[in-house]
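One file, entry-v7.cif, is given below (mmCIF, C-alpha atoms).
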```
data_run
#
loop_
_atom_site.group_PDB
_atom_site.id
_atom_site.type_symbol
_atom_site.label_atom_id
_atom_site.label_comp_id
_atom_site.auth_asym_id
_atom_site.auth_seq_id
_atom_site.Cartn_x
_atom_site.Cartn_y
_atom_site.Cartn_z
ATOM 1 C CA MET V 886 31.252 11.748 4.518
ATOM 2 C CA GLY V 887 31.158 8.770 2.154
ATOM 3 C CA LYS V 888 32.357 5.299 2.982
ATOM 4 C CA SER V 889 35.195 5.638 0.477
ATOM 5 C CA GLU V 890 36.616 8.618 2.367
ATOM 6 C CA MET V 891 36.474 6.719 5.641
ATOM 7 C CA SER V 892 38.665 3.822 4.541
ATOM 8 C CA GLY V 893 42.223 4.314 5.742
ATOM 9 C CA LEU V 894 41.198 7.138 8.079
ATOM 10 C CA ILE V 895 40.519 5.013 11.125
ATOM 11 C CA GLN V 896 42.940 6.384 13.695
ATOM 12 C CA TYR V 897 41.267 4.874 16.731
ATOM 13 C CA PRO V 898 40.586 1.168 16.056
ATOM 14 C CA ASP V 899 39.297 0.548 19.595
ATOM 15 C CA TYR V 900 36.838 3.406 19.302
ATOM 16 C CA ASP V 901 35.901 2.244 15.822
ATOM 17 C CA LYS V 902 34.899 -1.147 17.229
ATOM 18 C CA LYS V 903 32.860 0.473 19.992
ATOM 19 C CA CYS V 904 31.152 2.849 17.581
ATOM 20 C CA LYS V 905 30.244 -0.020 15.281
ATOM 21 C CA LYS V 906 28.914 -1.982 18.230
ATOM 22 C CA LEU V 907 26.751 0.992 19.218
ATOM 23 C CA CYS V 908 25.430 1.177 15.654
ATOM 24 C CA GLU V 909 24.185 -2.391 15.911
ATOM 25 C CA GLU V 910 21.635 -1.153 18.441
ATOM 26 C CA LYS V 911 18.193 -0.572 16.996
ATOM 27 C CA GLU V 912 17.719 3.113 17.828
ATOM 28 C CA ILE V 913 21.239 4.326 17.065
ATOM 29 C CA ARG V 914 21.792 5.807 13.626
ATOM 30 C CA PHE V 915 25.357 7.029 13.844
ATOM 31 C CA ALA V 916 28.304 6.734 16.215
ATOM 32 C CA GLY V 917 31.577 8.304 15.190
ATOM 33 C CA ILE V 918 34.740 9.964 16.412
ATOM 34 C CA ILE V 919 35.453 13.395 14.965
ATOM 35 C CA ASP V 920 38.809 15.132 15.188
ATOM 36 C CA GLU V 921 39.259 18.823 15.956
ATOM 37 C CA ASP V 922 39.033 19.692 12.237
ATOM 38 C CA GLY V 923 35.660 17.976 11.961
ATOM 39 C CA LYS V 924 36.989 14.904 10.129
ATOM 40 C CA MET V 925 35.520 11.536 11.040
ATOM 41 C CA VAL V 926 38.379 9.301 12.204
ATOM 42 C CA ALA V 927 36.447 6.267 13.476
ATOM 43 C CA GLY V 928 32.952 4.804 13.405
ATOM 44 C CA GLY V 929 30.207 5.915 11.070
ATOM 45 C CA PHE V 930 26.592 5.353 10.125
ATOM 46 C CA LYS V 931 24.574 2.244 10.763
ATOM 47 C CA LYS V 932 24.930 -0.220 7.901
ATOM 48 C CA ASN V 933 22.578 0.511 4.989
ATOM 49 C CA LEU V 934 21.227 3.660 6.632
ATOM 50 C CA ILE V 935 20.748 6.715 4.439
ATOM 51 C CA PRO V 936 21.867 9.839 6.376
ATOM 52 C CA LEU V 937 19.227 12.532 6.912
ATOM 53 C CA GLU V 938 21.799 14.996 5.603
ATOM 54 C CA LYS V 939 22.475 13.611 2.152
ATOM 55 C CA ASP V 940 24.895 16.306 0.992
ATOM 56 C CA GLU V 941 28.404 15.155 1.922
ATOM 57 C CA HIS V 942 29.820 18.674 2.067
ATOM 58 C CA ARG V 943 27.066 19.818 4.441
ATOM 59 C CA LEU V 944 27.562 16.683 6.525
ATOM 60 C CA GLU V 945 31.224 17.604 6.882
ATOM 61 C CA GLU V 946 30.212 21.146 7.824
ATOM 62 C CA PHE V 947 27.916 19.721 10.473
ATOM 63 C CA MET V 948 30.674 17.549 11.946
ATOM 64 C CA LYS V 949 32.991 20.561 12.028
ATOM 65 C CA PHE V 950 30.320 22.551 13.855
ATOM 66 C CA VAL V 951 29.813 19.746 16.400
ATOM 67 C CA SER V 952 33.547 19.403 16.989
ATOM 68 C CA GLN V 953 34.170 23.140 17.399
ATOM 69 C CA PHE V 954 31.390 23.647 19.908
ATOM 70 C CA SER V 955 31.979 20.429 21.821
ATOM 71 C CA LEU V 956 35.651 21.212 22.406
ATOM 72 C CA LEU V 957 35.099 24.832 23.476
ATOM 73 C CA LYS V 958 36.424 25.392 26.964
ATOM 74 C CA SER V 959 34.439 28.541 27.673
ATOM 75 C CA PHE V 960 32.970 28.548 31.173
ATOM 76 C CA ASP V 961 34.846 25.391 32.243
ATOM 77 C CA GLU V 962 36.300 27.241 35.225
ATOM 78 C CA THR V 963 32.958 28.503 36.506
ATOM 79 C CA LEU V 964 30.496 25.797 35.425
ATOM 80 C CA GLY V 965 32.874 22.853 35.419
ATOM 81 C CA PRO V 966 33.876 20.771 32.395
ATOM 82 C CA THR V 967 31.269 19.547 29.909
ATOM 83 C CA SER V 968 30.215 15.920 30.227
ATOM 84 C CA TYR V 969 28.149 16.027 27.065
ATOM 85 C CA LEU V 970 26.071 18.223 24.791
ATOM 86 C CA ALA V 971 22.673 17.034 23.625
ATOM 87 C CA ALA V 972 20.050 18.271 21.208
ATOM 88 C CA ARG V 973 16.578 16.916 20.754
ATOM 89 C CA ARG V 974 15.450 17.633 17.225
ATOM 90 C CA GLU V 975 12.249 16.690 15.480
ATOM 91 C CA LYS V 976 13.846 13.822 13.529
ATOM 92 C CA VAL V 977 16.827 12.854 15.654
ATOM 93 C CA ILE V 978 18.633 13.078 18.988
ATOM 94 C CA LEU V 979 22.273 14.144 18.931
ATOM 95 C CA ILE V 980 24.743 13.652 21.761
ATOM 96 C CA SER V 981 28.375 14.689 21.660
ATOM 97 C CA PHE V 982 31.042 13.889 24.230
ATOM 98 C CA PRO V 983 34.209 15.993 24.108
ATOM 99 C CA PHE V 984 37.511 14.224 24.874
ATOM 100 C CA PRO V 985 39.502 17.407 25.557
ATOM 101 C CA LEU V 986 42.905 15.796 26.093
ATOM 102 C CA THR V 987 42.955 14.142 22.689
ATOM 103 C CA LYS V 988 40.850 16.905 21.085
ATOM 104 C CA ILE V 989 38.388 14.480 19.603
ATOM 105 C CA THR V 990 34.608 14.257 19.985
ATOM 106 C CA LEU V 991 32.336 11.251 20.103
ATOM 107 C CA LEU V 992 29.101 12.030 18.255
ATOM 108 C CA VAL V 993 26.087 9.741 18.476
ATOM 109 C CA SER V 994 22.746 10.220 16.774
ATOM 110 C CA ALA V 995 19.666 8.207 17.585
ATOM 111 C CA ASN V 996 15.983 8.024 16.788
ATOM 112 C CA PRO V 997 13.957 10.658 18.660
ATOM 113 C CA GLY V 998 11.839 8.189 20.641
ATOM 114 C CA ILE V 999 14.540 7.370 23.164
ATOM 115 C CA ASP V 1000 15.550 8.979 26.441
ATOM 116 C CA ILE V 1001 18.659 11.218 26.318
ATOM 117 C CA GLU V 1002 19.786 10.408 29.851
ATOM 118 C CA GLY V 1003 19.507 6.666 29.279
ATOM 119 C CA LEU V 1004 21.408 6.887 26.009
ATOM 120 C CA ALA V 1005 24.143 9.067 27.539
ATOM 121 C CA GLY V 1006 24.576 6.636 30.434
ATOM 122 C CA HIS V 1007 24.835 3.711 28.046
ATOM 123 C CA ILE V 1008 27.469 5.484 25.924
ATOM 124 C CA VAL V 1009 29.485 6.405 29.010
ATOM 125 C CA ASP V 1010 29.433 2.769 30.164
ATOM 126 C CA ILE V 1011 30.910 1.707 26.846
ATOM 127 C CA PHE V 1012 33.504 4.479 26.423
ATOM 128 C CA ASP V 1013 34.393 5.504 29.975
ATOM 129 C CA SER V 1014 37.338 3.149 30.463
ATOM 130 C CA ASP V 1015 38.942 4.369 27.235
ATOM 131 C CA GLU V 1016 38.594 8.036 28.126
ATOM 132 C CA ALA V 1017 40.251 7.300 31.463
ATOM 133 C CA ARG V 1018 43.087 5.592 29.627
ATOM 134 C CA PHE V 1019 43.617 8.609 27.370
ATOM 135 C CA ALA V 1020 43.483 10.899 30.394
ATOM 136 C CA GLU V 1021 46.511 9.119 31.834
ATOM 137 C CA ARG V 1022 48.708 10.119 28.881
ATOM 138 C CA MET J 801 5.599 45.076 16.274
ATOM 139 C CA THR J 802 4.032 48.094 18.004
ATOM 140 C CA LEU J 803 5.382 49.446 21.272
ATOM 141 C CA MET J 804 2.298 48.088 23.042
ATOM 142 C CA GLN J 805 2.792 44.585 21.577
ATOM 143 C CA LYS J 806 6.462 44.700 22.545
ATOM 144 C CA SER J 807 5.567 45.696 26.071
ATOM 145 C CA ASN J 808 3.003 42.874 26.303
ATOM 146 C CA GLU J 809 5.579 40.403 24.999
ATOM 147 C CA SER J 810 8.164 41.536 27.570
ATOM 148 C CA TRP J 811 5.597 41.201 30.343
ATOM 149 C CA LEU J 812 4.682 37.696 29.151
ATOM 150 C CA PHE J 813 8.353 36.669 28.952
ATOM 151 C CA GLU J 814 8.973 37.967 32.454
ATOM 152 C CA GLN J 815 5.958 36.034 33.776
ATOM 153 C CA LYS J 816 7.181 32.810 32.157
ATOM 154 C CA CYS J 817 10.676 33.192 33.609
ATOM 155 C CA GLN J 818 9.392 34.015 37.082
ATOM 156 C CA ALA J 819 7.118 30.963 36.953
ATOM 157 C CA LEU J 820 10.087 28.744 36.019
ATOM 158 C CA LEU J 821 12.171 30.189 38.853
ATOM 159 C CA GLU J 822 9.596 28.772 41.278
ATOM 160 C CA PHE J 823 10.980 25.292 40.575
ATOM 161 C CA ASP J 824 13.610 24.239 43.110
ATOM 162 C CA GLU J 825 15.995 22.822 40.502
ATOM 163 C CA ILE J 826 16.079 25.993 38.375
ATOM 164 C CA ARG J 827 18.711 28.629 39.206
ATOM 165 C CA PHE J 828 18.332 30.874 36.186
ATOM 166 C CA ALA J 829 15.625 31.400 33.582
ATOM 167 C CA GLY J 830 16.040 34.144 31.031
ATOM 168 C CA ILE J 831 14.999 35.180 27.539
ATOM 169 C CA ILE J 832 17.891 36.126 25.267
ATOM 170 C CA ASN J 833 17.161 38.105 22.117
ATOM 171 C CA GLN J 834 18.859 37.774 18.714
ATOM 172 C CA MET J 835 21.489 40.334 19.732
ATOM 173 C CA GLY J 836 22.551 38.251 22.726
ATOM 174 C CA LYS J 837 20.862 40.521 25.255
ATOM 175 C CA LEU J 838 18.929 39.331 28.291
ATOM 176 C CA VAL J 839 15.438 40.815 27.834
ATOM 177 C CA ALA J 840 13.536 39.069 30.631
ATOM 178 C CA GLY J 841 14.126 36.892 33.679
ATOM 179 C CA GLY J 842 17.412 36.288 35.432
ATOM 180 C CA TYR J 843 18.711 34.494 38.502
ATOM 181 C CA LYS J 844 16.526 33.184 41.278
ATOM 182 C CA LYS J 845 16.359 35.584 44.214
ATOM 183 C CA GLY J 846 19.209 34.853 46.622
ATOM 184 C CA GLU J 847 21.064 32.718 44.076
ATOM 185 C CA THR J 848 24.729 33.593 43.600
ATOM 186 C CA PRO J 849 25.633 33.356 39.899
ATOM 187 C CA LEU J 850 28.473 30.974 39.082
ATOM 188 C CA GLU J 851 29.665 33.394 36.376
ATOM 189 C CA ASP J 852 30.515 37.106 36.563
ATOM 190 C CA ALA J 853 28.689 39.724 34.452
ATOM 191 C CA ALA J 854 31.219 39.603 31.596
ATOM 192 C CA GLU J 855 30.999 35.804 31.406
ATOM 193 C CA GLN J 856 27.207 35.968 31.432
ATOM 194 C CA GLN J 857 27.249 38.345 28.475
ATOM 195 C CA LYS J 858 29.706 36.061 26.651
ATOM 196 C CA MET J 859 27.454 33.088 27.378
ATOM 197 C CA TYR J 860 24.404 34.826 25.880
ATOM 198 C CA MET J 861 26.345 35.759 22.756
ATOM 199 C CA GLU J 862 27.703 32.239 22.348
ATOM 200 C CA LEU J 863 24.228 30.813 22.862
ATOM 201 C CA VAL J 864 22.742 33.022 20.144
ATOM 202 C CA LEU J 865 25.528 31.989 17.786
ATOM 203 C CA ARG J 866 25.008 28.284 18.491
ATOM 204 C CA VAL J 867 21.241 28.542 18.021
ATOM 205 C CA SER J 868 21.676 30.411 14.768
ATOM 206 C CA MET J 869 24.221 27.877 13.435
ATOM 207 C CA ARG J 870 22.033 24.932 14.441
ATOM 208 C CA LYS J 871 19.230 26.356 12.284
ATOM 209 C CA GLU J 872 21.398 25.646 9.235
ATOM 210 C CA PHE J 873 20.600 21.958 9.690
ATOM 211 C CA ASP J 874 16.898 22.244 10.496
ATOM 212 C CA TYR J 875 15.832 21.268 6.992
ATOM 213 C CA SER J 876 17.542 17.877 7.179
ATOM 214 C CA LEU J 877 17.478 17.023 10.909
ATOM 215 C CA GLY J 878 14.261 18.793 11.827
ATOM 216 C CA PRO J 879 13.986 21.851 14.071
ATOM 217 C CA VAL J 880 15.578 21.837 17.532
ATOM 218 C CA LYS J 881 13.108 21.317 20.370
ATOM 219 C CA TYR J 882 15.787 21.907 22.974
ATOM 220 C CA SER J 883 19.478 21.541 23.491
ATOM 221 C CA ALA J 884 21.476 21.089 26.649
ATOM 222 C CA SER J 885 24.964 20.865 28.018
ATOM 223 C CA ARG J 886 25.559 18.749 31.075
ATOM 224 C CA ARG J 887 28.427 20.183 33.080
ATOM 225 C CA GLU J 888 29.975 19.313 36.405
ATOM 226 C CA LYS J 889 28.228 22.113 38.318
ATOM 227 C CA ALA J 890 25.156 22.855 36.199
ATOM 228 C CA VAL J 891 22.954 21.819 33.322
ATOM 229 C CA MET J 892 22.362 24.569 30.759
ATOM 230 C CA MET J 893 19.259 24.151 28.607
ATOM 231 C CA SER J 894 18.081 26.281 25.722
ATOM 232 C CA PHE J 895 14.722 26.355 23.972
ATOM 233 C CA PRO J 896 14.021 28.252 20.761
ATOM 234 C CA LEU J 897 11.216 30.722 21.484
ATOM 235 C CA GLY J 898 10.327 32.415 18.221
ATOM 236 C CA ALA J 899 13.143 34.816 17.392
ATOM 237 C CA ASN J 900 14.450 34.564 20.969
ATOM 238 C CA VAL J 901 15.924 31.816 23.121
ATOM 239 C CA LEU J 902 14.854 30.676 26.561
ATOM 240 C CA LEU J 903 17.971 29.835 28.575
ATOM 241 C CA VAL J 904 17.587 27.805 31.749
ATOM 242 C CA SER J 905 20.329 26.846 34.175
ATOM 243 C CA THR J 906 19.643 24.093 36.683
ATOM 244 C CA ILE J 907 21.308 22.020 39.341
ATOM 245 C CA PRO J 908 23.356 19.178 37.784
ATOM 246 C CA ASP J 909 21.487 16.256 39.329
ATOM 247 C CA LEU J 910 18.335 15.953 37.286
ATOM 248 C CA ASP J 911 16.844 14.038 34.398
ATOM 249 C CA LEU J 912 17.314 16.113 31.275
ATOM 250 C CA ASP J 913 14.307 14.953 29.242
ATOM 251 C CA LYS J 914 11.883 15.089 32.166
ATOM 252 C CA THR J 915 13.007 18.604 33.128
ATOM 253 C CA ALA J 916 12.885 19.809 29.514
ATOM 254 C CA LYS J 917 9.347 18.467 29.119
ATOM 255 C CA LYS J 918 8.284 20.190 32.341
ATOM 256 C CA ILE J 919 9.773 23.504 31.184
ATOM 257 C CA MET J 920 8.237 23.252 27.715
ATOM 258 C CA LYS J 921 4.814 22.484 29.155
ATOM 259 C CA HIS J 922 5.115 25.399 31.572
ATOM 260 C CA VAL J 923 6.027 27.963 28.924
ATOM 261 C CA GLY J 924 3.592 26.641 26.335
ATOM 262 C CA LEU J 925 6.091 25.023 23.976
ATOM 263 C CA SER J 926 4.594 21.526 23.979
#
```
In C-alpha coordinates, what does this structure look like?
Amino acid sequence: MGKSEMSGLIQYPDYDKKCKKLCEEKEIRFAGIIDEDGKMVAGGFKKNLIPLEKDEHRLEEFMKFVSQFSLLKSFDETLGPTSYLAARREKVILISFPFPLTKITLLVSANPGIDIEGLAGHIVDIFDSDEARFAER
Amino acid sequence: MTLMQKSNESWLFEQKCQALLEFDEIRFAGIINQMGKLVAGGYKKGETPLEDAAEQQKMYMELVLRVSMRKEFDYSLGPVKYSASRREKAVMMSFPLGANVLLVSTIPDLDLDKTAKKIMKHVGLS
(Lines of atoms letter the chains of each structure in order from A and count residues from 1; the text may use other names and numbers.)
(Lines give C-alpha, C1' and ligand atoms only; values in the text may rest on other atoms or scores of the structure.)
Protein backbone atom coordinates (compact mmCIF):
# COMPACT_ATOMS: atom_id res chain seq x y z
CA MET A 1 0.00 0.00 0.00
CA GLY A 2 1.47 3.35 -1.04
CA LYS A 3 1.83 6.35 1.20
CA SER A 4 -0.76 8.24 -0.84
CA GLU A 5 -3.40 5.62 -0.06
CA MET A 6 -2.62 5.81 3.64
CA SER A 7 -3.31 9.52 4.02
CA GLY A 8 -6.79 10.09 5.41
CA LEU A 9 -7.18 6.42 6.33
CA ILE A 10 -5.80 6.66 9.84
CA GLN A 11 -8.70 5.50 11.99
CA TYR A 12 -6.69 4.84 15.12
CA PRO A 13 -4.46 7.87 15.83
CA ASP A 14 -3.20 6.43 19.13
CA TYR A 15 -2.18 3.20 17.45
CA ASP A 16 -0.68 5.16 14.58
CA LYS A 17 1.61 6.97 17.03
CA LYS A 18 2.63 3.70 18.67
CA CYS A 19 3.27 2.02 15.33
CA LYS A 20 5.42 4.92 14.20
CA LYS A 21 7.32 4.80 17.47
CA LEU A 22 7.96 1.08 16.96
CA CYS A 23 9.24 1.82 13.45
CA GLU A 24 11.88 4.13 14.88
CA GLU A 25 13.53 1.06 16.39
CA LYS A 26 16.46 -0.24 14.39
CA GLU A 27 15.27 -3.79 13.68
CA ILE A 28 11.61 -3.04 12.99
CA ARG A 29 10.65 -2.65 9.35
CA PHE A 30 6.89 -2.28 9.55
CA ALA A 31 4.25 -1.78 12.23
CA GLY A 32 0.67 -1.32 11.12
CA ILE A 33 -2.95 -1.88 12.02
CA ILE A 34 -4.99 -3.82 9.49
CA ASP A 35 -8.78 -3.96 9.47
CA GLU A 36 -10.80 -7.11 8.83
CA ASP A 37 -10.79 -6.42 5.06
CA GLY A 38 -7.00 -6.29 5.02
CA LYS A 39 -6.80 -2.49 4.69
CA MET A 40 -4.07 -0.70 6.61
CA VAL A 41 -5.76 1.84 8.91
CA ALA A 42 -2.78 3.03 10.97
CA GLY A 43 1.01 2.83 11.00
CA GLY A 44 3.12 1.73 8.08
CA PHE A 45 6.67 1.09 6.95
CA LYS A 46 9.79 2.56 8.46
CA LYS A 47 10.66 5.87 6.82
CA ASN A 48 12.61 5.47 3.57
CA LEU A 49 12.41 1.68 3.69
CA ILE A 50 11.64 -0.14 0.46
CA PRO A 51 9.20 -3.02 1.19
CA LEU A 52 10.41 -6.52 0.30
CA GLU A 53 7.10 -6.96 -1.50
CA LYS A 54 7.24 -4.17 -4.04
CA ASP A 55 3.96 -4.92 -5.80
CA GLU A 56 1.24 -2.92 -4.05
CA HIS A 57 -1.55 -5.28 -5.07
CA ARG A 58 0.33 -8.30 -3.70
CA LEU A 59 1.13 -6.36 -0.53
CA GLU A 60 -2.59 -5.76 -0.07
CA GLU A 61 -3.23 -9.45 -0.70
CA PHE A 62 -0.68 -10.29 1.97
CA MET A 63 -2.31 -7.97 4.51
CA LYS A 64 -5.69 -9.52 3.74
CA PHE A 65 -4.22 -12.98 4.30
CA VAL A 66 -2.68 -11.91 7.63
CA SER A 67 -5.94 -10.34 8.79
CA GLN A 68 -8.12 -13.31 7.83
CA PHE A 69 -5.94 -15.87 9.56
CA SER A 70 -5.19 -13.76 12.62
CA LEU A 71 -8.87 -13.13 13.34
CA LEU A 72 -9.97 -16.75 12.86
CA LYS A 73 -11.57 -18.07 16.02
CA SER A 74 -11.16 -21.74 15.20
CA PHE A 75 -10.00 -23.75 18.21
CA ASP A 76 -10.39 -20.83 20.64
CA GLU A 77 -12.64 -22.95 22.85
CA THR A 78 -10.22 -25.86 23.10
CA LEU A 79 -6.79 -24.22 22.82
CA GLY A 80 -7.68 -20.83 24.25
CA PRO A 81 -7.55 -17.50 22.41
CA THR A 82 -4.56 -16.57 20.26
CA SER A 83 -2.07 -14.15 21.79
CA TYR A 84 -0.10 -13.82 18.59
CA LEU A 85 0.95 -15.55 15.39
CA ALA A 86 4.58 -15.50 14.33
CA ALA A 87 6.53 -16.62 11.30
CA ARG A 88 10.27 -16.75 10.94
CA ARG A 89 11.15 -16.38 7.29
CA GLU A 90 14.52 -16.22 5.63
CA LYS A 91 14.40 -12.43 5.15
CA VAL A 92 12.02 -11.27 7.86
CA ILE A 93 10.14 -12.05 11.06
CA LEU A 94 6.40 -11.41 11.09
CA ILE A 95 4.24 -11.14 14.19
CA SER A 96 0.52 -10.46 14.18
CA PHE A 97 -1.66 -9.74 17.19
CA PRO A 98 -5.42 -10.12 16.69
CA PHE A 99 -7.68 -7.63 18.51
CA PRO A 100 -10.87 -9.70 18.18
CA LEU A 101 -13.28 -7.20 19.74
CA THR A 102 -12.46 -4.46 17.26
CA LYS A 103 -11.66 -6.94 14.46
CA ILE A 104 -8.33 -5.37 13.70
CA THR A 105 -4.84 -6.88 13.64
CA LEU A 106 -1.51 -5.40 14.59
CA LEU A 107 1.17 -6.62 12.18
CA VAL A 108 4.86 -6.06 12.85
CA SER A 109 7.75 -7.14 10.67
CA ALA A 110 11.35 -7.07 11.77
CA ASN A 111 14.79 -8.11 10.63
CA PRO A 112 15.41 -11.85 11.07
CA GLY A 113 18.28 -11.49 13.54
CA ILE A 114 16.07 -10.72 16.52
CA ASP A 115 14.32 -12.94 19.04
CA ILE A 116 10.56 -13.46 18.48
CA GLU A 117 9.72 -13.75 22.17
CA GLY A 118 11.60 -10.56 23.04
CA LEU A 119 9.94 -8.66 20.21
CA ALA A 120 6.47 -9.94 21.14
CA GLY A 121 6.98 -8.93 24.78
CA HIS A 122 8.11 -5.47 23.74
CA ILE A 123 5.07 -4.99 21.47
CA VAL A 124 2.71 -6.16 24.21
CA ASP A 125 4.26 -3.67 26.65
CA ILE A 126 3.53 -0.86 24.21
CA PHE A 127 0.03 -1.90 23.11
CA ASP A 128 -1.38 -3.80 26.09
CA SER A 129 -3.06 -0.86 27.82
CA ASP A 130 -4.87 0.09 24.62
CA GLU A 131 -6.17 -3.42 23.99
CA ALA A 132 -7.51 -3.47 27.54
CA ARG A 133 -9.25 -0.18 26.89
CA PHE A 134 -10.91 -1.53 23.74
CA ALA A 135 -11.91 -4.67 25.62
CA GLU A 136 -13.96 -2.55 28.01
CA ARG A 137 -16.23 -1.29 25.22
CA MET B 1 8.36 -42.53 -5.35
CA THR B 2 8.40 -46.33 -5.13
CA LEU B 3 6.45 -48.20 -2.47
CA MET B 4 9.73 -49.06 -0.74
CA GLN B 5 10.85 -45.40 -0.68
CA LYS B 6 7.45 -44.38 0.65
CA SER B 7 7.66 -46.98 3.37
CA ASN B 8 11.17 -45.80 4.32
CA GLU B 9 9.96 -42.20 4.41
CA SER B 10 7.02 -43.10 6.68
CA TRP B 11 9.35 -44.99 9.00
CA LEU B 12 11.73 -42.01 9.13
CA PHE B 13 8.86 -39.59 9.82
CA GLU B 14 7.58 -41.81 12.61
CA GLN B 15 11.07 -41.98 14.16
CA LYS B 16 11.42 -38.19 14.07
CA CYS B 17 8.03 -37.66 15.72
CA GLN B 18 8.67 -40.25 18.41
CA ALA B 19 12.04 -38.63 19.15
CA LEU B 20 10.35 -35.22 19.54
CA LEU B 21 7.71 -36.69 21.86
CA GLU B 22 10.53 -37.55 24.27
CA PHE B 23 10.80 -33.85 25.14
CA ASP B 24 8.75 -32.93 28.21
CA GLU B 25 7.33 -29.74 26.68
CA ILE B 26 6.00 -31.46 23.54
CA ARG B 27 2.46 -32.87 23.64
CA PHE B 28 1.98 -33.66 19.97
CA ALA B 29 4.33 -34.15 17.03
CA GLY B 30 2.90 -35.21 13.70
CA ILE B 31 3.57 -35.08 9.97
CA ILE B 32 0.66 -33.77 7.92
CA ASN B 33 0.62 -34.42 4.18
CA GLN B 34 -0.61 -32.09 1.42
CA MET B 35 -4.12 -33.53 1.72
CA GLY B 36 -4.33 -32.58 5.40
CA LYS B 37 -3.90 -36.15 6.62
CA LEU B 38 -1.79 -37.18 9.60
CA VAL B 39 0.75 -39.64 8.15
CA ALA B 40 3.08 -40.11 11.13
CA GLY B 41 3.33 -39.31 14.82
CA GLY B 42 0.54 -38.17 17.09
CA TYR B 43 -0.01 -37.40 20.76
CA LYS B 44 2.39 -38.33 23.51
CA LYS B 45 1.37 -41.54 25.26
CA GLY B 46 -1.00 -40.74 28.12
CA GLU B 47 -1.65 -37.22 26.85
CA THR B 48 -5.31 -36.24 26.56
CA PRO B 49 -5.84 -34.20 23.38
CA LEU B 50 -7.35 -30.75 23.92
CA GLU B 51 -9.33 -31.16 20.68
CA ASP B 52 -11.70 -33.93 19.55
CA ALA B 53 -11.06 -35.98 16.38
CA ALA B 54 -13.16 -33.70 14.14
CA GLU B 55 -11.33 -30.60 15.39
CA GLN B 56 -7.98 -32.30 14.85
CA GLN B 57 -8.89 -33.04 11.24
CA LYS B 58 -10.05 -29.44 10.77
CA MET B 59 -6.78 -28.21 12.27
CA TYR B 60 -4.69 -30.28 9.84
CA MET B 61 -6.70 -29.00 6.88
CA GLU B 62 -6.40 -25.40 8.03
CA LEU B 63 -2.68 -25.86 8.58
CA VAL B 64 -2.15 -27.18 5.06
CA LEU B 65 -4.11 -24.25 3.66
CA ARG B 66 -2.09 -21.71 5.65
CA VAL B 67 1.22 -23.27 4.62
CA SER B 68 0.18 -23.32 0.99
CA MET B 69 -0.97 -19.67 1.08
CA ARG B 70 2.22 -18.56 2.83
CA LYS B 71 4.24 -20.01 -0.06
CA GLU B 72 2.73 -17.31 -2.29
CA PHE B 73 5.01 -14.80 -0.57
CA ASP B 74 8.19 -16.87 -0.43
CA TYR B 75 9.74 -15.10 -3.41
CA SER B 76 9.63 -11.70 -1.72
CA LEU B 77 9.88 -12.52 2.01
CA GLY B 78 11.98 -15.65 1.75
CA PRO B 79 10.82 -19.17 2.60
CA VAL B 80 9.22 -19.90 5.99
CA LYS B 81 11.54 -21.62 8.45
CA TYR B 82 8.74 -22.05 10.97
CA SER B 83 5.54 -20.45 12.07
CA ALA B 84 3.78 -20.53 15.39
CA SER B 85 0.66 -19.47 17.19
CA ARG B 86 0.88 -18.71 20.87
CA ARG B 87 -2.41 -19.52 22.54
CA GLU B 88 -3.60 -19.51 26.12
CA LYS B 89 -3.31 -23.28 26.57
CA ALA B 90 -0.75 -24.30 23.94
CA VAL B 91 1.82 -23.20 21.41
CA MET B 92 1.30 -24.67 17.94
CA MET B 93 4.38 -24.73 15.72
CA SER B 94 4.67 -25.80 12.11
CA PHE B 95 7.76 -26.53 10.04
CA PRO B 96 7.73 -27.09 6.29
CA LEU B 97 9.17 -30.55 5.64
CA GLY B 98 9.41 -30.99 1.89
CA ALA B 99 5.88 -31.48 0.58
CA ASN B 100 4.64 -32.17 4.13
CA VAL B 101 4.38 -30.18 7.34
CA LEU B 102 5.67 -31.06 10.78
CA LEU B 103 3.12 -29.90 13.35
CA VAL B 104 4.18 -29.67 16.98
CA SER B 105 2.00 -28.73 19.93
CA THR B 106 3.68 -27.76 23.18
CA ILE B 107 2.93 -26.45 26.63
CA PRO B 108 2.37 -22.66 26.56
CA ASP B 109 5.23 -21.65 28.84
CA LEU B 110 8.30 -21.87 26.67
CA ASP B 111 10.61 -19.75 24.56
CA LEU B 112 9.44 -20.01 20.97
CA ASP B 113 12.75 -19.47 19.16
CA LYS B 114 14.74 -21.75 21.46
CA THR B 115 12.18 -24.55 21.15
CA ALA B 116 11.95 -24.14 17.37
CA LYS B 117 15.73 -24.33 17.05
CA LYS B 118 15.81 -27.47 19.20
CA ILE B 119 13.10 -29.11 17.07
CA MET B 120 14.76 -28.14 13.79
CA LYS B 121 18.11 -29.49 14.95
CA HIS B 122 16.48 -32.73 16.09
CA VAL B 123 14.68 -33.39 12.81
CA GLY B 124 17.57 -32.27 10.62
CA LEU B 125 16.12 -28.97 9.41
CA SER B 126 18.96 -26.72 10.55
Contact residues (chain V, partner chain J, 12 Å, all atoms listed in the file) as a ChimeraX atom specification: /V:935-940,943-951,953-955,957-983,994-1006
Resolved residues for the PyMOL selection byres ((chain V and resi 901) around 10) as a ChimeraX atom specification: /V:895-900,902-907,916-918,926-929
Take every atom of stretch 837-854 of chain J listed in the file, fit an axis-aligned box around them, add 3 Å per side, and give the centre and edge lengths in Å to one decimal as AutoDock Vina command-line options.
```
--center_x 22.4 --center_y 35.9 --center_z 35.9 --size_x 23.7 --size_y 15.8 --size_z 27.4
```
Output check: residues returned by the PyMOL selection byres ((chain J and resi 838) around 12), as JSON, numbers by chain: {"J": [810, 813, 814, 817, 828, 829, 830, 831, 832, 833, 834, 835, 836, 837, 839, 840, 841, 842, 843, 853, 856, 857, 858, 859, 860, 861, 863, 864, 900, 901, 902, 903]}
Reference answer for the PyMOL selection byres ((chain J and resi 825-827) around 8), as a ChimeraX atom specification: /J:820-824,828-829,843-844,847,904-907,910
If you count all atoms listed in the file, which residues fall within 7 Å of J:Val923, apart from same-chain ones fewer than 3 positions away, as a tab-separated table (two decimals) with C-alpha atoms, in the frame of the given file?
```tsv
chain	number	residue	atom	x	y	z
J	816	LYS	CA	7.18	32.81	32.16
J	919	ILE	CA	9.77	23.50	31.18
J	920	MET	CA	8.24	23.25	27.72
```
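Atom CA of J:Leu897 is positioned 8.1 Å from atom CA of J:Leu925.
Nearest to V:Phe984 of all the residues V:Lys931, V:Gly923, V:Leu956, V:Val1009 is V:Leu956, based on only C-alpha atoms.
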Gap from atom CA of V:Ile989 to atom CA of J:Thr915 - Å, one decimal: 29.1 Å
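Taking atom CA of V:Phe915 as the reference point, atom CA of J:Lys918 is found at 28.4 Å.
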